[in-house]
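Below is final_1.txt, which holds compact mmCIF, C-alpha atoms.
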# COMPACT_ATOMS: atom_id res chain seq x y z
CA MET A 1172 0.00 0.00 0.00
CA LEU A 1173 1.30 3.46 -0.89
CA LYS A 1174 1.99 5.86 1.94
CA GLU A 1175 -0.82 8.26 0.89
CA ASP A 1176 -3.27 5.39 0.52
CA ALA A 1177 -2.41 4.17 4.01
CA ALA A 1178 -2.88 7.68 5.44
CA SER A 1179 -6.18 8.05 3.64
CA ALA A 1180 -7.38 4.65 4.87
CA THR A 1181 -6.45 5.69 8.44
CA LEU A 1182 -8.43 8.91 8.07
CA ILE A 1183 -11.44 7.04 6.67
CA ASP A 1184 -11.32 4.68 9.68
CA GLU A 1185 -11.17 7.65 12.05
CA LEU A 1186 -14.18 9.27 10.37
CA VAL A 1187 -16.20 6.05 10.43
CA ARG A 1188 -15.50 5.78 14.16
CA LEU A 1189 -17.13 9.20 14.68
CA ALA A 1190 -20.46 8.03 13.24
CA PRO A 1191 -22.98 7.78 16.05
CA GLY A 1192 -24.95 4.85 14.65
CA GLY A 1193 -22.63 2.96 12.29
CA GLY A 1194 -23.91 1.52 9.02
CA ALA A 1195 -22.77 1.08 5.44
CA VAL A 1196 -19.66 3.10 4.52
CA THR A 1197 -19.34 4.99 1.22
CA VAL A 1198 -16.50 7.38 0.35
CA LEU A 1199 -18.27 10.29 -1.39
CA LYS A 1200 -15.33 12.58 -2.05
CA GLU A 1201 -11.60 12.32 -1.64
CA THR A 1202 -9.82 15.51 -2.70
CA ARG A 1203 -8.58 18.21 -0.33
CA VAL A 1204 -11.55 17.21 1.73
CA LEU A 1205 -12.61 13.70 2.61
CA VAL A 1206 -16.34 13.00 2.76
CA VAL A 1207 -17.66 9.66 3.94
CA ARG A 1208 -21.22 8.49 4.38
CA VAL A 1209 -21.80 6.11 7.28
CA GLY A 1210 -25.39 4.93 7.61
CA ASP A 1211 -27.57 8.00 7.84
CA VAL A 1212 -24.85 10.58 8.52
CA VAL A 1213 -22.21 12.20 6.33
CA ILE A 1214 -18.82 12.94 7.88
CA LYS A 1215 -16.48 15.48 6.36
CA ALA A 1216 -12.81 16.06 7.14
CA HIS A 1217 -12.11 19.69 6.22
CA PRO A 1218 -8.84 20.63 4.47
CA PRO A 1219 -5.76 20.79 6.69
CA GLY A 1220 -5.22 24.37 7.81
CA THR A 1221 -8.94 25.23 8.01
CA VAL A 1222 -9.37 28.11 10.48
CA GLU A 1223 -11.55 26.79 13.30
CA ARG A 1224 -13.05 30.17 14.24
CA ASP A 1225 -14.17 30.82 10.64
CA LEU A 1226 -15.59 27.32 10.27
CA ARG A 1227 -17.53 27.74 13.54
CA SER A 1228 -19.04 31.03 12.32
CA ARG A 1229 -20.05 29.37 9.06
CA LEU A 1230 -21.60 26.36 10.81
CA ASP A 1231 -23.51 28.68 13.16
CA ALA A 1232 -24.81 30.60 10.14
CA ALA A 1233 -25.92 27.33 8.49
CA ARG A 1234 -27.72 26.37 11.72
CA GLY A 1235 -29.54 29.72 11.58
CA LEU A 1236 -30.86 29.13 8.06
CA PRO A 1237 -33.55 26.44 8.37
CA GLY A 1238 -35.16 25.73 5.03
CA VAL A 1239 -32.16 27.21 3.20
CA MET A 1240 -29.06 25.36 4.41
CA LEU A 1241 -28.58 21.91 5.89
CA ALA A 1242 -27.70 22.24 9.60
CA PRO A 1243 -24.66 20.34 10.95
CA LEU A 1244 -25.00 17.80 13.76
CA ALA A 1245 -21.54 18.28 15.27
CA LEU A 1246 -18.01 19.63 14.91
CA GLU A 1247 -15.10 17.50 16.07
CA ARG A 1248 -11.32 17.69 15.92
CA LEU A 1249 -9.29 14.60 15.19
CA GLU A 1250 -6.26 15.29 17.40
CA ASN A 1251 -2.81 14.13 16.41
CA LEU A 1252 -4.10 12.56 13.26
CA GLU A 1253 -1.73 14.52 11.11
CA ARG A 1254 1.23 13.41 13.24
CA ARG A 1255 0.31 9.86 12.46
CA GLU A 1256 -0.37 10.69 8.82
CA ARG A 1257 2.88 12.58 8.43
CA PRO A 1258 5.45 11.40 10.96
CA GLU A 1259 7.99 13.89 9.55
CA ARG A 1260 5.91 16.70 11.07
CA ARG A 1261 6.58 15.43 14.61
CA GLU A 1262 9.59 17.71 14.74
CA HIS A 1263 7.36 20.72 14.07
CA PRO A 1264 5.03 20.96 17.04
CA GLU A 1265 4.08 24.51 16.02
CA HIS A 1266 2.37 23.08 12.94
CA PRO A 1267 -1.37 22.76 13.63
CA VAL A 1268 -2.22 19.12 14.08
CA GLY A 1269 -5.49 17.35 13.73
CA ARG A 1270 -8.29 17.73 11.24
CA LEU A 1271 -11.55 19.55 11.74
CA VAL A 1272 -14.43 17.19 11.09
CA THR A 1273 -18.12 17.96 10.74
CA ILE A 1274 -21.03 15.53 10.95
CA TRP A 1275 -24.21 16.05 8.92
CA PRO A 1276 -27.53 14.33 8.39
CA ALA A 1277 -27.35 12.47 5.08
CA GLY A 1278 -29.58 14.08 2.46
CA GLU A 1279 -30.38 12.88 -1.01
CA ALA A 1280 -27.79 14.63 -3.17
CA LEU A 1281 -28.16 15.47 -6.81
CA SER A 1282 -25.53 13.68 -8.80
CA PRO A 1283 -24.26 13.54 -12.40
CA ASP A 1284 -26.01 10.16 -12.71
CA ASP A 1285 -29.41 11.82 -12.17
CA LEU A 1286 -28.68 14.08 -15.11
CA ALA A 1287 -27.25 11.34 -17.31
CA ASP A 1288 -30.21 8.97 -16.86
CA GLY A 1289 -32.75 11.80 -17.02
CA THR A 1290 -34.01 11.39 -13.44
CA MET A 1291 -32.82 14.84 -12.36
CA PRO A 1292 -35.83 16.84 -11.22
CA GLU A 1293 -36.60 19.45 -13.84
CA ASP A 1294 -36.93 22.12 -11.22
CA ALA A 1295 -33.47 21.56 -9.69
CA TRP A 1296 -32.08 24.70 -11.32
CA GLU A 1297 -35.03 26.78 -10.14
CA GLU A 1298 -34.86 25.30 -6.63
CA GLY A 1299 -31.19 26.22 -6.45
CA ALA A 1300 -31.97 29.75 -7.63
CA ARG A 1301 -34.73 30.21 -5.05
CA LEU A 1302 -32.49 28.96 -2.23
CA LEU A 1303 -29.73 31.37 -3.28
CA ALA A 1304 -32.24 34.24 -3.37
CA ARG A 1305 -33.33 33.42 0.20
CA LEU A 1306 -29.71 33.08 1.35
CA HIS A 1307 -28.84 36.48 -0.14
CA ALA A 1308 -31.85 38.06 1.60
CA THR A 1309 -30.56 36.93 5.02
CA PRO A 1310 -28.63 39.61 6.94
CA PRO A 1311 -25.09 38.28 7.49
CA PRO A 1312 -24.57 37.34 11.17
CA ARG A 1313 -21.95 39.38 13.04
CA GLY A 1314 -18.40 38.15 12.75
CA MET A 1315 -18.95 36.22 9.49
CA PRO A 1316 -15.75 35.74 7.48
CA GLN A 1317 -15.50 36.83 3.85
CA ALA A 1318 -17.12 34.57 1.27
CA GLY A 1319 -14.57 32.29 -0.34
CA GLY A 1320 -15.63 32.70 -3.99
CA PRO A 1321 -13.17 35.26 -5.39
CA GLU A 1322 -10.19 33.49 -3.75
CA ARG A 1323 -10.77 30.44 -5.90
CA LEU A 1324 -9.65 32.21 -9.09
CA GLY A 1325 -6.18 32.84 -7.64
CA LYS A 1326 -5.94 29.21 -6.51
CA ALA A 1327 -6.88 27.93 -9.99
CA MET A 1328 -4.26 30.22 -11.60
CA ALA A 1329 -1.63 28.95 -9.11
CA GLU A 1330 -2.49 25.37 -10.12
CA LEU A 1331 -2.14 26.35 -13.78
CA ALA A 1332 1.31 27.83 -13.05
CA ARG A 1333 2.34 24.54 -11.43
CA VAL A 1334 1.64 22.48 -14.56
CA ALA A 1335 2.63 25.14 -17.13
CA ASP A 1336 6.28 24.05 -17.28
CA SER A 1337 5.36 20.67 -18.68
CA ALA A 1338 2.97 22.06 -21.32
CA ASP A 1339 3.47 21.16 -24.98
CA THR A 1340 3.01 23.68 -27.83
CA ARG A 1341 -0.74 23.30 -28.07
CA GLN A 1342 -1.22 23.36 -24.31
CA ILE A 1343 1.01 26.41 -23.85
CA ARG A 1344 -1.25 28.33 -26.23
CA HIS A 1345 -4.19 27.53 -23.97
CA VAL A 1346 -2.21 28.46 -20.86
CA MET A 1347 -1.22 31.81 -22.38
CA ARG A 1348 -4.75 32.61 -23.48
CA ILE A 1349 -6.06 31.93 -19.96
CA ARG A 1350 -3.30 34.10 -18.45
CA GLN A 1351 -4.04 36.97 -20.85
CA ALA A 1352 -7.71 36.84 -19.85
CA TYR A 1353 -6.70 36.76 -16.17
CA GLN A 1354 -4.54 39.86 -16.66
CA THR A 1355 -7.50 41.83 -18.05
CA LEU A 1356 -9.38 41.02 -14.83
CA ALA A 1357 -6.76 42.07 -12.27
CA GLY A 1358 -7.62 45.79 -12.34
CA PRO A 1359 -11.42 45.44 -12.46
CA LEU A 1360 -11.36 42.84 -9.64
CA ARG A 1361 -9.25 45.13 -7.43
CA ALA A 1362 -11.66 48.01 -8.12
CA ALA A 1363 -14.64 45.75 -7.29
CA ASP A 1364 -12.93 44.78 -4.00
CA GLN A 1365 -12.52 48.45 -3.15
CA ARG A 1366 -16.17 49.14 -3.93
CA LEU A 1367 -17.16 46.34 -1.51
CA LEU A 1368 -15.35 48.21 1.27
CA SER A 1369 -17.24 51.46 0.65
CA PRO A 1370 -20.32 52.26 2.72
CA GLY A 1371 -23.58 51.17 1.11
CA ALA A 1372 -21.87 48.38 -0.87
CA ARG A 1373 -24.10 45.53 -2.03
CA LEU A 1374 -22.90 42.93 0.51
CA ALA A 1375 -24.82 39.79 1.33
CA LEU A 1376 -24.51 36.37 2.85
CA THR A 1377 -23.02 34.46 -0.07
CA HIS A 1378 -22.54 30.70 -0.54
CA GLY A 1379 -19.16 31.09 -2.22
CA ASP A 1380 -19.04 27.81 -4.18
CA TRP A 1381 -22.43 27.11 -5.71
CA HIS A 1382 -23.00 24.37 -8.28
CA LEU A 1383 -25.57 21.59 -8.69
CA GLY A 1384 -23.60 19.31 -6.35
CA GLN A 1385 -24.45 21.71 -3.51
CA LEU A 1386 -28.13 20.74 -3.51
CA VAL A 1387 -29.59 17.96 -1.36
CA ARG A 1388 -33.11 16.91 -0.58
CA HIS A 1389 -33.57 16.37 3.14
CA GLU A 1390 -36.90 15.48 4.75
CA GLY A 1391 -38.68 16.43 1.54
CA ALA A 1392 -37.13 19.88 1.08
CA TRP A 1393 -34.25 21.07 -1.09
CA LEU A 1394 -31.38 22.62 0.86
CA LEU A 1395 -27.95 24.07 0.17
CA ILE A 1396 -24.96 22.23 1.62
CA ASP A 1397 -21.26 22.95 2.18
CA PRO A 1398 -20.78 26.21 4.11
CA ASP A 1399 -16.97 26.05 3.73
CA ASP A 1400 -16.94 29.23 1.61
CA LEU A 1401 -20.04 30.84 3.15
CA GLY A 1402 -19.49 34.45 4.11
CA VAL A 1403 -19.98 38.09 3.38
CA GLY A 1404 -19.45 39.06 -0.24
CA ASP A 1405 -20.91 40.20 -3.53
CA PRO A 1406 -23.83 37.78 -4.02
CA ALA A 1407 -23.50 37.98 -7.84
CA TRP A 1408 -20.57 35.54 -7.44
CA ASP A 1409 -23.06 32.80 -6.53
CA LEU A 1410 -24.69 33.16 -9.97
CA ALA A 1411 -21.38 33.57 -11.77
CA ARG A 1412 -20.62 29.90 -12.40
CA PRO A 1413 -23.84 29.14 -14.32
CA ALA A 1414 -23.48 32.58 -15.97
CA ALA A 1415 -20.01 31.56 -17.18
CA TRP A 1416 -21.36 28.22 -18.47
CA PHE A 1417 -24.11 30.04 -20.35
CA ALA A 1418 -21.74 32.65 -21.78
CA SER A 1419 -19.39 29.91 -22.99
CA GLY A 1420 -22.20 28.19 -24.88
CA LEU A 1421 -22.20 25.19 -22.52
CA LEU A 1422 -25.43 25.75 -20.60
CA ASP A 1423 -28.70 25.61 -22.52
CA PRO A 1424 -29.99 29.22 -22.73
CA ASP A 1425 -33.48 28.05 -21.66
CA LEU A 1426 -32.07 26.51 -18.46
CA TRP A 1427 -30.01 29.65 -17.78
CA HIS A 1428 -33.01 31.91 -18.26
CA SER A 1429 -35.26 29.77 -16.08
CA PHE A 1430 -32.55 29.78 -13.38
CA LEU A 1431 -32.18 33.57 -13.58
CA SER A 1432 -35.95 34.17 -13.72
CA ALA A 1433 -36.48 31.92 -10.68
CA TYR A 1434 -33.78 33.85 -8.81
CA ILE A 1435 -35.27 37.24 -9.66
CA GLY A 1436 -38.81 35.96 -9.10
CA ALA A 1437 -37.83 34.81 -5.58
CA GLY A 1438 -36.70 38.35 -4.77
CA GLY A 1439 -32.98 37.74 -5.46
CA THR A 1440 -31.04 40.94 -4.97
CA ALA A 1441 -27.66 40.12 -6.55
CA VAL A 1442 -28.54 41.42 -10.02
CA SER A 1443 -30.59 44.25 -11.48
CA HIS A 1444 -33.81 43.03 -13.01
CA ASP A 1445 -33.54 45.21 -16.11
CA ASP A 1446 -29.92 44.23 -16.88
CA PRO A 1447 -28.59 41.29 -14.80
CA TRP A 1448 -25.30 41.34 -16.72
CA ARG A 1449 -24.40 44.70 -15.21
CA GLU A 1450 -23.53 42.82 -12.00
CA LEU A 1451 -22.82 39.40 -13.54
CA ASP A 1452 -20.27 40.44 -16.14
CA LEU A 1453 -17.15 40.68 -13.98
CA PRO A 1454 -17.75 37.65 -11.72
CA ALA A 1455 -18.78 35.59 -14.78
CA ARG A 1456 -15.54 36.55 -16.55
CA ALA A 1457 -13.62 35.56 -13.41
CA LEU A 1458 -15.39 32.21 -13.23
CA THR A 1459 -14.79 31.57 -16.94
CA VAL A 1460 -11.05 32.04 -16.43
CA GLN A 1461 -11.12 29.92 -13.27
CA LEU A 1462 -13.07 27.09 -14.96
CA ALA A 1463 -10.81 27.23 -18.04
CA ALA A 1464 -7.70 27.01 -15.83
CA THR A 1465 -9.15 24.10 -13.86
CA ALA A 1466 -10.22 22.25 -17.03
CA VAL A 1467 -6.81 22.66 -18.68
CA VAL A 1468 -4.98 21.57 -15.48
CA THR A 1469 -7.23 18.50 -15.23
CA ALA A 1470 -6.54 17.54 -18.86
CA MET A 1471 -2.78 18.06 -18.48
CA ARG A 1472 -2.63 16.02 -15.25
CA ALA A 1473 -4.57 13.22 -16.98
CA GLY A 1474 -2.15 13.44 -19.93
CA SER A 1475 -5.04 13.93 -22.33
CA ALA A 1476 -5.90 16.63 -24.85
CA PRO A 1477 -8.31 19.30 -23.57
CA ASP A 1478 -11.85 18.16 -24.38
CA GLU A 1479 -14.50 20.31 -26.06
CA VAL A 1480 -15.67 21.74 -22.76
CA ALA A 1481 -12.14 22.95 -21.95
CA VAL A 1482 -11.78 24.31 -25.48
CA ALA A 1483 -15.10 26.20 -25.20
CA LEU A 1484 -13.92 27.81 -21.95
CA VAL A 1485 -10.53 28.73 -23.45
CA SER A 1486 -12.28 30.32 -26.45
CA SER A 1487 -14.32 32.36 -24.00
CA CYS A 1488 -11.02 33.53 -22.49
CA GLY A 1489 -10.02 34.66 -25.99
CA ARG A 1490 -13.23 36.67 -26.33
CA ILE A 1491 -12.69 38.16 -22.85
CA VAL A 1492 -9.27 39.38 -24.02
CA ALA A 1493 -10.77 40.77 -27.27
CA ALA A 1494 -13.62 42.51 -25.42
CA ALA A 1495 -11.15 44.10 -22.99
CA GLY A 1496 -8.93 45.24 -25.90
CA MET B 362 -76.45 56.92 -41.23
CA GLU B 363 -74.81 58.00 -44.46
CA CYS B 364 -71.05 57.63 -45.04
CA PRO B 365 -69.47 61.12 -44.84
CA LYS B 366 -66.96 60.12 -47.54
CA CYS B 367 -68.85 58.19 -50.28
CA ARG B 368 -72.47 58.60 -49.16
CA GLY B 369 -72.85 54.83 -48.86
CA HIS B 370 -74.93 53.11 -46.17
CA MET B 371 -73.19 52.74 -42.77
CA ARG B 372 -73.85 49.62 -40.76
CA MET B 373 -73.57 49.67 -36.95
CA PHE B 374 -71.55 47.13 -34.91
CA ASP B 375 -71.16 46.74 -31.15
CA ARG B 376 -68.04 44.84 -30.19
CA ASN B 377 -66.86 44.54 -26.57
CA GLY B 378 -68.53 47.78 -25.61
CA ILE B 379 -67.15 49.73 -28.56
CA HIS B 380 -69.61 51.31 -30.93
CA ILE B 381 -68.40 51.13 -34.58
CA GLU B 382 -70.05 52.19 -37.83
CA GLN B 383 -68.69 50.77 -41.07
CA CYS B 384 -69.61 51.83 -44.62
CA ASP B 385 -70.91 48.92 -46.75
CA ASN B 386 -69.48 50.61 -49.83
CA CYS B 387 -65.96 51.95 -49.04
CA LYS B 388 -65.46 49.93 -45.76
CA GLY B 389 -64.51 53.17 -43.97
CA ILE B 390 -65.01 53.14 -40.19
CA PHE B 391 -66.56 55.86 -38.06
CA LEU B 392 -65.82 55.97 -34.33
CA ASP B 393 -67.83 57.88 -31.75
CA TYR B 394 -66.16 60.40 -29.47
CA GLY B 395 -63.81 58.60 -26.97
CA GLU B 396 -63.97 55.25 -28.76
CA LEU B 397 -60.44 55.56 -30.16
CA GLU B 398 -59.11 56.06 -26.60
CA THR B 399 -61.08 53.00 -25.44
CA LEU B 400 -59.54 50.94 -28.24
CA THR B 401 -56.03 52.14 -27.39
CA ARG B 402 -56.54 51.25 -23.72
CA MET B 403 -57.80 47.77 -24.59
CA GLU B 404 -54.92 47.21 -26.97
CA THR B 405 -52.37 48.14 -24.27
CA GLN B 406 -54.00 45.79 -21.76
CA TRP B 407 -53.92 42.98 -24.28
CA ALA B 408 -50.26 43.63 -25.10
CA GLN B 409 -49.31 43.58 -21.40
CA GLN B 410 -50.99 40.21 -20.94
CA GLN B 411 -49.34 38.83 -24.06
CA TYR B 412 -45.80 40.04 -23.50
CA ALA B 413 -45.26 40.13 -19.70
CA PRO B 414 -42.78 39.45 -18.21
CA PRO B 415 -40.15 40.99 -20.47
CA PRO B 416 -37.47 38.53 -21.56
CA ALA B 417 -34.19 38.69 -19.62
CA PRO B 418 -31.51 40.55 -21.56
CA GLY B 419 -29.18 38.38 -23.64
CA GLY B 420 -25.68 38.07 -22.33
CA PRO B 421 -22.22 39.58 -22.08
CA ALA B 422 -20.22 41.15 -24.92
CA TRP B 423 -17.76 38.23 -24.77
CA GLY B 424 -20.45 35.51 -24.87
CA ALA B 425 -20.26 32.57 -27.27
CA PRO B 426 -22.73 32.61 -30.15
CA HIS B 427 -25.59 30.38 -29.02
CA GLY B 428 -27.27 27.95 -31.34
CA GLY B 429 -25.66 26.41 -34.43
CA HIS B 430 -22.13 25.24 -33.64
CA GLY B 431 -21.84 27.52 -30.62
CA GLY B 432 -23.97 25.40 -28.31
CA HIS B 433 -22.56 22.27 -26.68
CA TYR B 434 -25.64 21.52 -24.64
CA GLY B 435 -27.89 18.56 -25.22
CA HIS B 436 -25.15 16.40 -26.73
CA HIS B 437 -24.20 12.98 -25.49
CA GLY B 438 -20.92 11.14 -25.23
CA HIS B 439 -17.51 12.25 -24.07
CA ARG B 440 -17.98 15.99 -23.86
CA ASN B 441 -21.31 15.51 -22.15
CA ARG B 442 -19.65 13.49 -19.38
CA SER B 443 -17.04 16.14 -18.80
CA TRP B 444 -19.66 18.90 -18.92
CA VAL B 445 -21.95 17.09 -16.49
CA GLY B 446 -19.01 16.50 -14.15
CA MET B 447 -18.31 20.24 -14.12
CA LEU B 448 -21.93 21.02 -13.19
CA PHE B 449 -21.39 19.16 -9.93
CA SER B 450 -17.88 20.14 -8.90
CA SER B 451 -15.98 23.13 -7.58

Before we go any further, please render this structure as structure tokens.
Amino acid sequence: MLKEDAASATLIDELVRLAPGGGAVTVLKETRVLVVRVGDVVIKAHPPGTVERDLRSRLDAARGLPGVMLAPLALERLENLERRERPERREHPEHPVGRLVTIWPAGEALSPDDLADGTMPEDAWEEGARLLARLHATPPPRGMPQAGGPERLGKAMAELARVADSADTRQIRHVMRIRQAYQTLAGPLRAADQRLLSPGARLALTHGDWHLGQLVRHEGAWLLIDPDDLGVGDPAWDLARPAAWFASGLLDPDLWHSFLSAYIGAGGTAVSHDDPWRELDLPARALTVQLAATAVVTAMRAGSAPDEVAVALVSSCGRIVAAAG
Amino acid sequence: MECPKCRGHMRMFDRNGIHIEQCDNCKGIFLDYGELETLTRMETQWAQQQYAPPPAPGGPAWGAPHGGHGGHYGHHGHRNRSWVGMLFSS
């Protein structure tokens, strides 16, 4: 067994032990976070280095949003786990050890399979839009951290930089196009950040990482999950991912318009009703660059050519550069 | 009543509360005082019912052309898998 596999198996065992009732074990996600379902609970190990105070604020906010967000059952810390996972860190006692773990009631998540076999409820997009509208209408509790959305663009660009050295001629053209688009955004994003600091700025409680995988049905009602990026921010960022998909020609215009209409119809405040793209334009450009970077990194890591989805996103980057010209 | 234009015979119609006289000969229409305003008001009401709500404005300046070869949606196979995966991941 490889060292990482052994560490991951240890962590899975630790999570399973935290389940109050036991039951069948399914690993749902194994990336920077580890998510395991055990019987009727879901247990999530948050990324190493997660700030406990911020996570607590976010969990408290989720608890205060019945009917909008799934409420957690518990927060735990797996002490010393990292020492066991990474014995070389024993010499660095100042390094935070342990992993923050949250326990959740298991809902019925939407998954790619529902979409592929046509069982996805037709109103899933609208339900998501209505939940976001209600989230954005909630006054942010005191002491909430910033929403995590905008930070993700920088992380995606850093990932792209990490693989860029090994890019071949075709790939380097994609990498450069994405970087050019990113450069056109730097100034506008800084200005938008400044505007958020000014009095009267349009700040709201924002999910920070919304996509269809963030919807579950629990006790008959649709709810948002995953408050890891929940915080105060420009709520238009929550609509920016589907907006980027639509603008890149990936998302069916009818689905996009029904999503947007449901959001506006539910009183959503992130966009102006007469011209939603006034607020959407910048965050949607940011998300397009972020998604293009992530898609190209994924293809390069898999050693495969960028697929049509990646190519569509990179072409959007080209149009972003041209429009900024 | 006699048509003021061609002296033909004018026939009277009552439609939805509007009083209209039409000439059998030249088909010209005579409206009573205030009937044009009533027609305009009814036309506006009809148009509001037909066209509300206004369609959401199109998209950004840098958007892909939709339709034709621009749209990737609704396809099956490899690119669909990758697209569907993206719908559900960060």

Quick one: residues within 10 Å of A:Pro1218, only C-alpha atoms, excluding same-chain residues fewer than 5 positions away - as a list in words?
Thr1202, Arg1203, Val1204, Leu1205, Arg1270, Leu1271, Val1272 and Asp1399 of chain A

Set the distance at 6 Å and use all atoms listed in the file: which residues neighbour stretch 371-382 of chain B once local chain neighbours fewer than 5 positions away are removed? I'd like the list as JSON, numbers by chain.
{"B": [362, 363, 364, 390, 391, 392]}

Could you name the residues that touch stretch 1424-1435 of chain A at 6 Å or less, counting only C-alpha atoms, but leaving out those on the same chain fewer than 2 positions away, as a list of chain:residue names?
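Residues near the query, excluding close chain neighbours: A:Trp1296, A:Glu1297, A:Ala1300, A:Arg1301, A:Ala1304, A:Ala1437, A:Gly1438, A:Gly1439.
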
List as a compact mmCIF listing (two decimals) with C-alpha atoms, keeping the file's coordinate frame the protein and nucleic acid residues near A:Leu1394, meaning an atom at most 8 Å away when all atoms listed in the file are counted, but skip any in the same chain fewer than 5 places from it.
# COMPACT_ATOMS: atom_id res chain seq x y z
CA GLY A 1238 -35.16 25.73 5.03
CA VAL A 1239 -32.16 27.21 3.20
CA MET A 1240 -29.06 25.36 4.41
CA LEU A 1241 -28.58 21.91 5.89
CA LEU A 1302 -32.49 28.96 -2.23
CA LEU A 1386 -28.13 20.74 -3.51
CA VAL A 1387 -29.59 17.96 -1.36
CA ARG A 1388 -33.11 16.91 -0.58
CA HIS A 1389 -33.57 16.37 3.14

Could you check which of A:Pro1413, A:Gly1235, A:Gly1299, A:Pro1454 is closest to chain B, using only C-alpha atoms?
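Checking each of A:Pro1413, A:Gly1235, A:Gly1299, A:Pro1454 against chain B, counting only C-alpha atoms, the winner is A:Pro1413.
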
Which neighbours of A:Leu1230 fall inside 12 Å, counting only C-alpha atoms, when residues of the same chain fewer than 6 positions from it are skipped, and could you give them as a list in words?
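Using only C-alpha atoms, the neighbours found are Glu1223, Arg1224, Leu1236, Met1240, Leu1241, Ala1242, Pro1243, Leu1244, Ala1245, Leu1246, Val1272, Thr1273, Ile1274, Trp1275, Pro1312, Met1315, Pro1316, Ile1396, Asp1397, Pro1398, Asp1399, Asp1400, Leu1401 and Gly1402 of chain A.
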
Using all atoms listed in the file: which of A:Ala1476, A:Ala1493, A:Val1187, A:Val1482 has the shortest distance to A:Ala1338:
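Answer, going by the shortest atom-to-atom distance: A:Ala1476.
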
Between atom CA of A:His1217 and atom CA of A:Leu1303 - distance in Å to one decimal
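We find that atom CA of A:Leu1303 and atom CA of A:His1217 lie 23.2 Å from each other.
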
I'd like to know which of A:Asp1405, A:Asp1446, A:Asp1231, A:Glu1201 is closest to A:Arg1313, using all atoms listed in the file.
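Under the stated criterion, the closest residue is A:Asp1231.
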
Could you list as number ranges by chain every residue that has an atom within 9 Å of (-9.7, 26.8, -14.5), using the file's coordinates and counting all atoms listed in the file?
A: 1324, 1327-1328, 1330-1331, 1349, 1458-1469, 1481, 1484

Kindly give the distance, in Å, that separates atom CA of A:Gly1358 and atom CA of A:Ser1419, rounded to a single decimal.
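A separation of 22.5 Å between them.
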
Shortest interatomic distance to B:Val445 - which of A:Ala1494, A:Leu1281, A:Leu1356, A:Val1346, counting only C-alpha atoms
A:Leu1281
